[in-house]
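Some notes on the structure that comes next.
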Amino acid sequence: MRFLDLILKKRDGESLSAEEISFIIQEYNKENIPDYQMSALLMAIFFQGLNNKETSAFTAALAESGEVLDFSSLGKIVADKHSSGGVGDKVTLVLAPLVAAAEVPVAKISGRGLGFTGGTIDKLESIPGFSANLTIKRFSELVSQNNLAIMAQTDRLTPAEGKLYALRDVTGTIENISLIAASIMSKKIAAGAGAILLDVKTGRGAFMQSKEKAFHLAETMVRIGKEMGKRVVSVVTDMSQPLGFAVGNILEVKEALSVLKGEGPQEVEQLCLFLGGLILALVGKVRDPEEGQEELARLLKSGVALEKFKQMVAFQGGKLEYLENTDLFPKASYIEPIKAPKSGYLREIDALRVGRVAVLLGAGRSVKGEKIDPSVGVLLTHKVGDSVEEGEILAFLHGNKEDTLSASVKELTNAFLIVDERVEPPPLIHGVVPPFPS
Ligand code: URA
């Protein structure tokens, strides 16, 4: 097979066979295909698209480029969840221990922050001592002993996906639904869980800004997962404004702890119970998601989910005294209030701008591998739909770098839109794919 012929085939709108796709991924993984040719193929895919068969073959080839975990010896269905990325998205910190508290094993391989979106691993690593760099052996042991482990991505799983993602990132070929679906689902397939919940975010602070695209991605991933023998459900959730009030690593860990203590914010708790109910139904633990939600609400109230979170942190080396007394966490050196320029109703808290402010402050990375600052971020005091008075505080900016202060204040101030007429808060959940039960 000549790689150039495959580029020409895709460029001219023909479809590639499963053998051709497997050849492409294997050879690229072995570094037998130069980046300039792979970039040309990616751009041809970007414009011509991949059909369903091609997308599934692409996913399978990426998943098979490394090890594929197998939890079948546990004798229980292992659950996994994935978020397509958002601002203030601390769902995994609450949902994973919550589901594990219901004795459903959770094996979660998570990423670091990407662009303006935060990453679960950065959040967990803001707990002093916590290690997400587990070996696959240790990861599997923890899932089996404690029903819960969260680890960072490793090159041993889906190595071709890692290389391809880095290339897509710098060749303008990220935003293609087939490529995104194959990228996400290959990592989920390789991580070995039998039941997968996909949280597809939509709105200003999401990669899928339109609902139409979010549902298309959700449907594509569900189809791929089912074809590969997985139990899978997608939920399209709102990311027009940040989730909850906290954005930034330590601030989000504190908010997640507050949810695990049953102290809210309500919307984060509500979303976690909704997603968790679906997972419990998906693995067959309960008859329907509503029953799952009731069970999880009990586990949250009784403190069992919080205990599970603490156990996970302890098993992975984190210092529990920080969870017992959150005042021990480092704090930002300045806290700057952002005030309402006029009275009215909050129509918009632009999640994209808030995410960018968090990156500017140092909560995320501007260049690959950059060290992040765990203590900085944004703490909102209001949500869309709230009424505010002129001069009332809308948010606090937590920062350490004086040089980014004025740009951050400006960008954060511009994230808020206040109008005279009443505003309905956006729905938290836009839809479930497929509607449960399928
Ligand atoms: N997240 C992923 O894991 N892959 C993509 O392609 C886009 C977002």
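Identifiers in this document derive from the order of the structure tokens: chains are assigned A, B, ..., residues are numbered from 1 separately in each chain, and ligands are numbered from 1 in order of occurrence.
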Practice prompt. Give me the residues within 9 Å of Val143 of chain A as a list in words, counting only C-alpha atoms and dropping any in the same chain fewer than 3 places off.
Written response: Phe71, Val78, Pro105, Val106, Ala107, Arg138, Phe139, Ser140, Asn146, Asn147, Leu148, Ala149 and Ile150 of chain A
Show me which residues are within 12 Å of ligand 1 counting only C-alpha atoms and all ligand atoms, and format the list as a compact mmCIF listing (two decimals) with all heavy atoms, in the first residue's frame.
```txt
# COMPACT_ATOMS: atom_id res chain seq x y z
N THR A 59 -11.51 4.23 15.03
CA THR A 59 -11.54 4.07 16.50
C THR A 59 -10.83 2.77 16.90
O THR A 59 -9.99 2.77 17.81
CB THR A 59 -13.01 4.00 16.99
OG1 THR A 59 -13.73 5.10 16.44
CG2 THR A 59 -13.09 4.04 18.51
N LEU A 62 -7.05 2.93 16.48
CA LEU A 62 -6.40 3.74 17.53
C LEU A 62 -6.39 2.96 18.85
O LEU A 62 -5.37 2.92 19.55
CB LEU A 62 -7.15 5.07 17.72
CG LEU A 62 -7.05 6.10 16.60
CD1 LEU A 62 -7.95 7.30 16.90
CD2 LEU A 62 -5.61 6.58 16.40
N HIS A 82 -16.78 10.11 30.70
CA HIS A 82 -15.90 11.03 29.97
C HIS A 82 -16.64 12.33 29.76
O HIS A 82 -17.83 12.33 29.43
CB HIS A 82 -15.52 10.43 28.62
CG HIS A 82 -14.59 11.30 27.84
ND1 HIS A 82 -13.24 11.24 27.97
CD2 HIS A 82 -14.85 12.29 26.95
CE1 HIS A 82 -12.68 12.16 27.18
NE2 HIS A 82 -13.63 12.81 26.55
N SER A 83 -15.94 13.43 29.92
CA SER A 83 -16.54 14.72 29.60
C SER A 83 -15.81 15.26 28.37
O SER A 83 -14.59 15.13 28.27
CB SER A 83 -16.37 15.68 30.77
OG SER A 83 -16.50 17.01 30.32
N SER A 84 -16.57 15.85 27.47
CA SER A 84 -15.91 16.41 26.28
C SER A 84 -15.20 17.72 26.61
O SER A 84 -14.56 18.31 25.75
CB SER A 84 -16.92 16.59 25.14
OG SER A 84 -17.91 17.50 25.55
N GLY A 85 -15.25 18.14 27.87
CA GLY A 85 -14.43 19.29 28.30
C GLY A 85 -15.24 20.54 28.53
O GLY A 85 -16.07 20.90 27.69
N GLY A 86 -15.01 21.18 29.68
CA GLY A 86 -15.75 22.39 29.98
C GLY A 86 -15.03 23.26 30.99
O GLY A 86 -13.87 23.01 31.31
N ILE A 109 -9.50 6.94 33.38
CA ILE A 109 -8.24 7.52 32.91
C ILE A 109 -8.58 8.93 32.43
O ILE A 109 -9.42 9.10 31.55
CB ILE A 109 -7.61 6.67 31.80
CG1 ILE A 109 -7.31 5.27 32.37
CG2 ILE A 109 -6.34 7.34 31.27
CD1 ILE A 109 -6.66 4.31 31.44
N SER A 110 -7.95 9.91 33.05
CA SER A 110 -8.34 11.30 32.77
C SER A 110 -7.21 12.10 32.15
O SER A 110 -6.04 11.71 32.25
CB SER A 110 -8.78 11.99 34.06
OG SER A 110 -10.02 11.51 34.46
N GLY A 111 -7.59 13.24 31.63
CA GLY A 111 -6.60 14.12 30.99
C GLY A 111 -6.31 15.35 31.84
O GLY A 111 -6.92 15.58 32.88
N ARG A 112 -5.33 16.10 31.36
CA ARG A 112 -5.04 17.39 31.96
C ARG A 112 -5.83 18.46 31.21
O ARG A 112 -6.51 18.15 30.23
CB ARG A 112 -3.53 17.67 31.87
CG ARG A 112 -2.74 16.72 32.71
CD ARG A 112 -1.25 16.94 32.65
NE ARG A 112 -0.60 15.80 33.25
CZ ARG A 112 -0.48 15.60 34.56
NH1 ARG A 112 -0.93 16.49 35.40
NH2 ARG A 112 0.08 14.51 35.03
N GLY A 113 -5.72 19.70 31.70
CA GLY A 113 -6.46 20.78 31.04
C GLY A 113 -6.08 20.89 29.57
O GLY A 113 -4.93 20.63 29.19
N LEU A 114 -7.05 21.26 28.76
CA LEU A 114 -6.82 21.39 27.33
C LEU A 114 -7.41 22.74 26.90
O LEU A 114 -8.59 22.97 27.12
CB LEU A 114 -7.54 20.24 26.62
CG LEU A 114 -7.34 20.05 25.13
CD1 LEU A 114 -5.92 19.64 24.83
CD2 LEU A 114 -8.30 18.97 24.62
N GLY A 115 -6.58 23.61 26.35
CA GLY A 115 -7.08 24.94 25.96
C GLY A 115 -7.67 25.65 27.16
O GLY A 115 -7.07 25.69 28.23
N PHE A 116 -8.88 26.17 26.99
CA PHE A 116 -9.53 26.93 28.07
C PHE A 116 -10.28 26.02 29.04
O PHE A 116 -10.88 26.50 30.00
CB PHE A 116 -10.51 27.96 27.46
CG PHE A 116 -11.56 27.30 26.61
CD1 PHE A 116 -12.75 26.87 27.15
CD2 PHE A 116 -11.35 27.09 25.26
CE1 PHE A 116 -13.72 26.24 26.37
CE2 PHE A 116 -12.30 26.47 24.46
CZ PHE A 116 -13.48 26.04 25.02
N THR A 117 -10.26 24.70 28.78
CA THR A 117 -11.00 23.78 29.66
C THR A 117 -10.06 23.19 30.70
O THR A 117 -8.87 22.99 30.46
CB THR A 117 -11.64 22.63 28.86
OG1 THR A 117 -10.60 21.80 28.31
CG2 THR A 117 -12.51 23.13 27.74
N GLY A 118 -10.60 22.90 31.88
CA GLY A 118 -9.79 22.32 32.95
C GLY A 118 -9.70 20.81 32.80
O GLY A 118 -10.44 20.21 32.03
N GLY A 119 -8.77 20.20 33.53
CA GLY A 119 -8.62 18.74 33.46
C GLY A 119 -8.65 18.12 34.86
O GLY A 119 -8.12 18.71 35.81
N GLN A 153 -3.37 9.80 31.66
CA GLN A 153 -3.14 9.03 30.43
C GLN A 153 -1.69 8.54 30.39
O GLN A 153 -0.79 9.21 30.87
CB GLN A 153 -3.42 9.92 29.23
CG GLN A 153 -4.88 9.88 28.84
CD GLN A 153 -5.31 11.09 28.06
OE1 GLN A 153 -4.48 11.78 27.48
NE2 GLN A 153 -6.59 11.37 28.05
N THR A 158 -3.40 3.51 23.77
CA THR A 158 -3.65 4.36 22.58
C THR A 158 -2.50 5.32 22.23
O THR A 158 -2.71 6.53 22.10
CB THR A 158 -4.96 5.18 22.73
OG1 THR A 158 -4.87 6.00 23.90
CG2 THR A 158 -6.17 4.30 22.82
N GLU A 161 -3.15 7.48 19.23
CA GLU A 161 -4.10 8.58 19.45
C GLU A 161 -3.36 9.81 20.00
O GLU A 161 -3.62 10.93 19.58
CB GLU A 161 -5.21 8.12 20.41
CG GLU A 161 -6.45 9.00 20.40
CD GLU A 161 -6.29 10.33 21.13
OE1 GLU A 161 -5.56 10.38 22.14
OE2 GLU A 161 -6.87 11.33 20.68
N GLY A 162 -2.44 9.57 20.93
CA GLY A 162 -1.68 10.68 21.53
C GLY A 162 -0.90 11.44 20.46
O GLY A 162 -0.91 12.67 20.41
N LYS A 163 -0.25 10.66 19.57
CA LYS A 163 0.56 11.32 18.52
C LYS A 163 -0.34 12.08 17.54
O LYS A 163 -0.03 13.20 17.14
CB LYS A 163 1.33 10.25 17.73
CG LYS A 163 2.46 9.63 18.52
CD LYS A 163 3.15 8.54 17.71
CE LYS A 163 4.02 7.70 18.62
NZ LYS A 163 4.46 6.45 18.04
N LEU A 164 -1.44 11.43 17.20
CA LEU A 164 -2.35 12.04 16.23
C LEU A 164 -3.01 13.29 16.81
O LEU A 164 -3.18 14.30 16.12
CB LEU A 164 -3.43 11.01 15.87
CG LEU A 164 -3.97 11.05 14.47
CD1 LEU A 164 -2.85 10.97 13.45
CD2 LEU A 164 -4.96 9.92 14.25
N TYR A 165 -3.36 13.22 18.10
CA TYR A 165 -4.01 14.37 18.74
C TYR A 165 -3.08 15.58 18.70
O TYR A 165 -3.50 16.69 18.36
CB TYR A 165 -4.41 14.04 20.19
CG TYR A 165 -5.30 15.12 20.76
CD1 TYR A 165 -6.69 15.02 20.66
CD2 TYR A 165 -4.77 16.27 21.30
CE1 TYR A 165 -7.50 16.03 21.11
CE2 TYR A 165 -5.57 17.30 21.75
CZ TYR A 165 -6.94 17.18 21.65
OH TYR A 165 -7.74 18.19 22.09
N ALA A 166 -1.80 15.32 19.02
CA ALA A 166 -0.82 16.42 19.04
C ALA A 166 -0.69 17.03 17.63
O ALA A 166 -0.56 18.25 17.47
CB ALA A 166 0.52 15.91 19.53
N LEU A 167 -0.76 16.18 16.60
CA LEU A 167 -0.66 16.67 15.22
C LEU A 167 -1.93 17.45 14.84
O LEU A 167 -1.86 18.52 14.23
CB LEU A 167 -0.44 15.49 14.27
CG LEU A 167 -0.11 15.83 12.83
CD1 LEU A 167 1.21 16.59 12.73
CD2 LEU A 167 -0.03 14.56 11.97
N ARG A 168 -3.10 16.91 15.22
CA ARG A 168 -4.36 17.60 14.91
C ARG A 168 -4.39 18.97 15.56
O ARG A 168 -4.87 19.95 14.98
CB ARG A 168 -5.55 16.77 15.42
CG ARG A 168 -5.84 15.55 14.56
CD ARG A 168 -6.87 14.66 15.25
NE ARG A 168 -8.11 15.34 15.54
CZ ARG A 168 -8.87 15.07 16.61
NH1 ARG A 168 -8.52 14.16 17.48
NH2 ARG A 168 -9.99 15.73 16.81
N ASP A 169 -3.84 19.03 16.79
CA ASP A 169 -3.86 20.28 17.55
C ASP A 169 -3.14 21.41 16.80
O ASP A 169 -3.53 22.57 16.93
CB ASP A 169 -3.15 20.00 18.90
CG ASP A 169 -3.55 20.96 19.98
OD1 ASP A 169 -4.59 21.62 19.80
OD2 ASP A 169 -2.84 21.05 20.99
N GLY A 172 -4.99 22.37 12.65
CA GLY A 172 -6.36 22.84 12.44
C GLY A 172 -7.32 21.72 12.13
O GLY A 172 -8.30 21.91 11.39
N THR A 173 -7.10 20.52 12.67
CA THR A 173 -7.96 19.39 12.33
C THR A 173 -8.60 18.74 13.57
O THR A 173 -8.99 17.58 13.53
CB THR A 173 -7.17 18.32 11.53
OG1 THR A 173 -5.96 18.02 12.23
CG2 THR A 173 -6.83 18.81 10.14
N ILE A 174 -8.72 19.53 14.64
CA ILE A 174 -9.40 19.00 15.83
C ILE A 174 -10.91 18.90 15.59
O ILE A 174 -11.53 17.88 15.85
CB ILE A 174 -9.13 19.89 17.09
CG1 ILE A 174 -7.67 19.78 17.53
CG2 ILE A 174 -10.07 19.54 18.24
CD1 ILE A 174 -7.29 18.57 18.34
N GLU A 175 -11.49 20.01 15.08
CA GLU A 175 -12.96 20.14 15.11
C GLU A 175 -13.68 19.34 14.01
O GLU A 175 -14.40 19.90 13.20
CB GLU A 175 -13.37 21.62 15.03
CG GLU A 175 -12.92 22.43 16.21
CD GLU A 175 -11.52 23.02 16.05
OE1 GLU A 175 -10.82 22.65 15.08
OE2 GLU A 175 -11.12 23.84 16.90
N ASN A 176 -13.48 18.06 13.99
CA ASN A 176 -14.21 17.19 13.06
C ASN A 176 -14.87 16.11 13.91
O ASN A 176 -14.19 15.44 14.70
CB ASN A 176 -13.23 16.58 12.06
CG ASN A 176 -13.88 15.51 11.20
OD1 ASN A 176 -14.01 14.37 11.62
ND2 ASN A 176 -14.32 15.87 10.03
N ILE A 177 -16.18 15.96 13.76
CA ILE A 177 -16.91 15.08 14.69
C ILE A 177 -16.41 13.64 14.63
O ILE A 177 -16.24 12.99 15.67
CB ILE A 177 -18.43 15.21 14.45
CG1 ILE A 177 -18.83 16.58 14.99
CG2 ILE A 177 -19.20 14.08 15.14
CD1 ILE A 177 -20.26 16.91 15.07
N SER A 178 -16.13 13.12 13.43
CA SER A 178 -15.65 11.73 13.33
C SER A 178 -14.31 11.58 14.04
O SER A 178 -14.08 10.60 14.76
CB SER A 178 -15.46 11.32 11.88
OG SER A 178 -16.68 11.33 11.24
N LEU A 179 -13.42 12.55 13.83
CA LEU A 179 -12.09 12.46 14.46
C LEU A 179 -12.20 12.60 15.98
O LEU A 179 -11.51 11.91 16.73
CB LEU A 179 -11.14 13.51 13.88
CG LEU A 179 -10.72 13.29 12.42
CD1 LEU A 179 -9.85 14.46 11.94
CD2 LEU A 179 -9.96 11.98 12.23
N ILE A 180 -13.05 13.49 16.45
CA ILE A 180 -13.23 13.66 17.90
C ILE A 180 -13.82 12.38 18.49
O ILE A 180 -13.35 11.87 19.52
CB ILE A 180 -14.14 14.87 18.23
CG1 ILE A 180 -13.46 16.18 17.80
CG2 ILE A 180 -14.45 14.92 19.73
CD1 ILE A 180 -14.33 17.43 17.99
N ALA A 181 -14.85 11.84 17.83
CA ALA A 181 -15.51 10.63 18.35
C ALA A 181 -14.50 9.48 18.40
O ALA A 181 -14.42 8.74 19.40
CB ALA A 181 -16.69 10.26 17.47
N ALA A 182 -13.71 9.32 17.34
CA ALA A 182 -12.73 8.22 17.32
C ALA A 182 -11.67 8.43 18.39
O ALA A 182 -11.25 7.47 19.06
CB ALA A 182 -12.08 8.13 15.93
N SER A 183 -11.25 9.68 18.57
CA SER A 183 -10.24 9.99 19.58
C SER A 183 -10.75 9.63 20.98
O SER A 183 -10.09 8.91 21.74
CB SER A 183 -9.89 11.48 19.48
OG SER A 183 -9.40 12.00 20.68
N ILE A 184 -11.94 10.10 21.30
CA ILE A 184 -12.48 9.85 22.65
C ILE A 184 -12.79 8.35 22.83
O ILE A 184 -12.39 7.74 23.83
CB ILE A 184 -13.76 10.69 22.89
CG1 ILE A 184 -13.39 12.19 22.94
CG2 ILE A 184 -14.48 10.27 24.18
CD1 ILE A 184 -14.57 13.14 23.04
N MET A 185 -13.49 7.77 21.87
CA MET A 185 -13.94 6.38 22.06
C MET A 185 -12.78 5.39 22.04
O MET A 185 -12.82 4.37 22.72
CB MET A 185 -15.00 6.00 21.00
CG MET A 185 -16.32 6.69 21.22
SD MET A 185 -16.96 6.57 22.92
CE MET A 185 -17.46 4.85 22.99
N SER A 186 -11.71 5.69 21.30
CA SER A 186 -10.57 4.75 21.32
C SER A 186 -9.98 4.68 22.73
O SER A 186 -9.63 3.62 23.23
CB SER A 186 -9.49 5.19 20.32
OG SER A 186 -8.92 6.43 20.70
N LYS A 187 -9.93 5.85 23.41
CA LYS A 187 -9.37 5.87 24.77
C LYS A 187 -10.31 5.14 25.73
O LYS A 187 -9.86 4.47 26.65
CB LYS A 187 -9.15 7.33 25.21
CG LYS A 187 -7.99 7.99 24.45
CD LYS A 187 -7.76 9.43 24.87
CE LYS A 187 -8.64 10.39 24.15
NZ LYS A 187 -8.23 11.79 24.11
N LYS A 188 -11.59 5.28 25.50
CA LYS A 188 -12.57 4.60 26.38
C LYS A 188 -12.51 3.07 26.16
O LYS A 188 -12.57 2.31 27.11
CB LYS A 188 -13.99 5.11 26.11
CG LYS A 188 -14.20 6.57 26.42
CD LYS A 188 -14.11 6.89 27.90
CE LYS A 188 -12.86 7.59 28.28
NZ LYS A 188 -12.67 7.78 29.72
N LEU A 198 -20.99 9.20 28.63
CA LEU A 198 -20.31 10.30 27.94
C LEU A 198 -21.06 11.60 28.20
O LEU A 198 -22.25 11.70 27.89
CB LEU A 198 -20.27 10.02 26.44
CG LEU A 198 -19.58 8.70 26.08
CD1 LEU A 198 -20.03 8.20 24.71
CD2 LEU A 198 -18.07 8.85 26.11
N ASP A 199 -20.40 12.56 28.81
CA ASP A 199 -21.00 13.85 29.11
C ASP A 199 -20.53 14.82 28.03
O ASP A 199 -19.38 15.29 28.05
CB ASP A 199 -20.54 14.29 30.52
CG ASP A 199 -21.09 15.64 30.94
OD1 ASP A 199 -21.87 16.23 30.17
OD2 ASP A 199 -20.74 16.10 32.04
N VAL A 200 -21.40 15.06 27.07
CA VAL A 200 -21.03 15.95 25.96
C VAL A 200 -21.52 17.36 26.30
O VAL A 200 -22.71 17.60 26.44
CB VAL A 200 -21.65 15.47 24.63
CG1 VAL A 200 -21.25 16.42 23.49
CG2 VAL A 200 -21.20 14.05 24.31
N LYS A 201 -20.56 18.25 26.49
CA LYS A 201 -20.91 19.62 26.89
C LYS A 201 -21.23 20.45 25.65
O LYS A 201 -20.59 20.29 24.60
CB LYS A 201 -19.71 20.26 27.60
CG LYS A 201 -19.24 19.49 28.82
CD LYS A 201 -20.08 19.82 30.02
CE LYS A 201 -19.62 19.14 31.27
NZ LYS A 201 -20.74 18.96 32.22
N ALA A 206 -17.65 25.09 25.63
CA ALA A 206 -17.45 23.70 25.22
C ALA A 206 -16.84 23.67 23.82
O ALA A 206 -16.92 24.65 23.08
CB ALA A 206 -18.79 22.98 25.20
N PHE A 207 -16.22 22.53 23.47
CA PHE A 207 -15.70 22.41 22.10
C PHE A 207 -16.87 22.35 21.11
O PHE A 207 -16.75 22.81 19.99
CB PHE A 207 -14.81 21.18 21.97
CG PHE A 207 -13.50 21.34 22.70
CD1 PHE A 207 -13.17 20.55 23.78
CD2 PHE A 207 -12.60 22.33 22.32
CE1 PHE A 207 -11.97 20.72 24.47
CE2 PHE A 207 -11.41 22.52 23.01
CZ PHE A 207 -11.09 21.72 24.07
N MET A 208 -18.00 21.75 21.53
CA MET A 208 -19.19 21.68 20.67
C MET A 208 -20.09 22.84 21.07
O MET A 208 -20.90 22.72 22.00
CB MET A 208 -19.96 20.37 20.91
CG MET A 208 -19.23 19.11 20.56
SD MET A 208 -19.00 18.94 18.78
CE MET A 208 -17.26 19.07 18.68
N ALA A 214 -23.34 18.92 19.24
CA ALA A 214 -23.17 18.12 20.45
C ALA A 214 -23.97 16.82 20.34
O ALA A 214 -23.47 15.74 20.67
CB ALA A 214 -23.60 18.92 21.67
N LEU A 217 -22.27 14.46 17.90
CA LEU A 217 -21.12 13.79 18.54
C LEU A 217 -21.61 12.70 19.50
O LEU A 217 -21.08 11.58 19.51
CB LEU A 217 -20.25 14.82 19.28
CG LEU A 217 -19.05 14.24 20.05
CD1 LEU A 217 -18.05 13.57 19.10
CD2 LEU A 217 -18.32 15.33 20.85
N MET A 221 -20.72 8.70 19.09
CA MET A 221 -19.97 7.94 20.09
C MET A 221 -20.79 6.76 20.63
O MET A 221 -20.25 5.68 20.87
CB MET A 221 -19.51 8.86 21.22
CG MET A 221 -18.50 9.89 20.73
SD MET A 221 -17.57 10.71 22.04
CE MET A 221 -18.84 11.66 22.83
```
Discussion item. Report as a VMD selection string all protein, DNA and RNA residues lying within 7 Å of Gly192 of chain A, evaluated on only C-alpha atoms, omitting residues in the same chain fewer than 6 positions from it.
Written reply: chain A and resid 68 to 71
Selection to disk with all heavy atoms, as a PDB file, in the first residue's frame:
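Wrote it out as again_9.pdb, contents follow:
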```pdb
ATOM      1  N   VAL A  68      -4.912  -2.913  25.686  1.00  0.00           N
ATOM      2  CA  VAL A  68      -6.343  -2.750  25.936  1.00  0.00           C
ATOM      3  C   VAL A  68      -6.623  -3.427  27.283  1.00  0.00           C
ATOM      4  O   VAL A  68      -6.371  -4.625  27.433  1.00  0.00           O
ATOM      5  CB  VAL A  68      -7.193  -3.375  24.796  1.00  0.00           C
ATOM      6  CG1 VAL A  68      -8.678  -3.267  25.119  1.00  0.00           C
ATOM      7  CG2 VAL A  68      -6.875  -2.683  23.464  1.00  0.00           C
ATOM      8  N   LEU A  69      -7.089  -2.663  28.253  1.00  0.00           N
ATOM      9  CA  LEU A  69      -7.298  -3.226  29.586  1.00  0.00           C
ATOM     10  C   LEU A  69      -8.517  -4.143  29.599  1.00  0.00           C
ATOM     11  O   LEU A  69      -9.449  -3.986  28.805  1.00  0.00           O
ATOM     12  CB  LEU A  69      -7.474  -2.112  30.624  1.00  0.00           C
ATOM     13  CG  LEU A  69      -6.347  -1.088  30.725  1.00  0.00           C
ATOM     14  CD1 LEU A  69      -6.530  -0.207  31.948  1.00  0.00           C
ATOM     15  CD2 LEU A  69      -4.979  -1.750  30.805  1.00  0.00           C
ATOM     16  N   ASP A  70      -8.475  -5.089  30.528  1.00  0.00           N
ATOM     17  CA  ASP A  70      -9.560  -6.061  30.607  1.00  0.00           C
ATOM     18  C   ASP A  70      -9.893  -6.291  32.083  1.00  0.00           C
ATOM     19  O   ASP A  70      -9.057  -6.774  32.835  1.00  0.00           O
ATOM     20  CB  ASP A  70      -9.090  -7.370  29.940  1.00  0.00           C
ATOM     21  CG  ASP A  70     -10.143  -8.450  30.009  1.00  0.00           C
ATOM     22  OD1 ASP A  70     -11.273  -8.151  30.453  1.00  0.00           O
ATOM     23  OD2 ASP A  70      -9.831  -9.600  29.639  1.00  0.00           O
ATOM     24  N   PHE A  71     -11.085  -5.894  32.488  1.00  0.00           N
ATOM     25  CA  PHE A  71     -11.477  -6.056  33.890  1.00  0.00           C
ATOM     26  C   PHE A  71     -12.434  -7.236  34.067  1.00  0.00           C
ATOM     27  O   PHE A  71     -13.106  -7.325  35.087  1.00  0.00           O
ATOM     28  CB  PHE A  71     -12.161  -4.770  34.390  1.00  0.00           C
ATOM     29  CG  PHE A  71     -11.213  -3.604  34.524  1.00  0.00           C
ATOM     30  CD1 PHE A  71     -11.207  -2.582  33.585  1.00  0.00           C
ATOM     31  CD2 PHE A  71     -10.331  -3.522  35.589  1.00  0.00           C
ATOM     32  CE1 PHE A  71     -10.339  -1.507  33.710  1.00  0.00           C
ATOM     33  CE2 PHE A  71      -9.457  -2.454  35.721  1.00  0.00           C
ATOM     34  CZ  PHE A  71      -9.467  -1.440  34.778  1.00  0.00           C
TER      35      PHE A  71
END
```
Worksheet item: Skipping near chain neighbours, those fewer than 3 positions away, what residues fall within 12 Å of Lys254 of chain A using only C-alpha atoms, listed as a ChimeraX atom specification?
Response: /A:88,90,93-94,123-124,126-127,244-251,257-261,263-265,322-331,374-375,379
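Checking A:Lys53, A:Arg204, A:Arg347, A:Lys9 one by one against Arg223 of chain A, counting only C-alpha atoms, you find the shortest gap at A:Lys53.
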Worksheet item: So which residues of segment 34-258 of chain A fall under strand (DSSP E) by DSSP, listed as an NGL selection string?
Response: :A and (79-83 or 106-110 or 148-152 or 195-202 or 231-238 or 246-247)
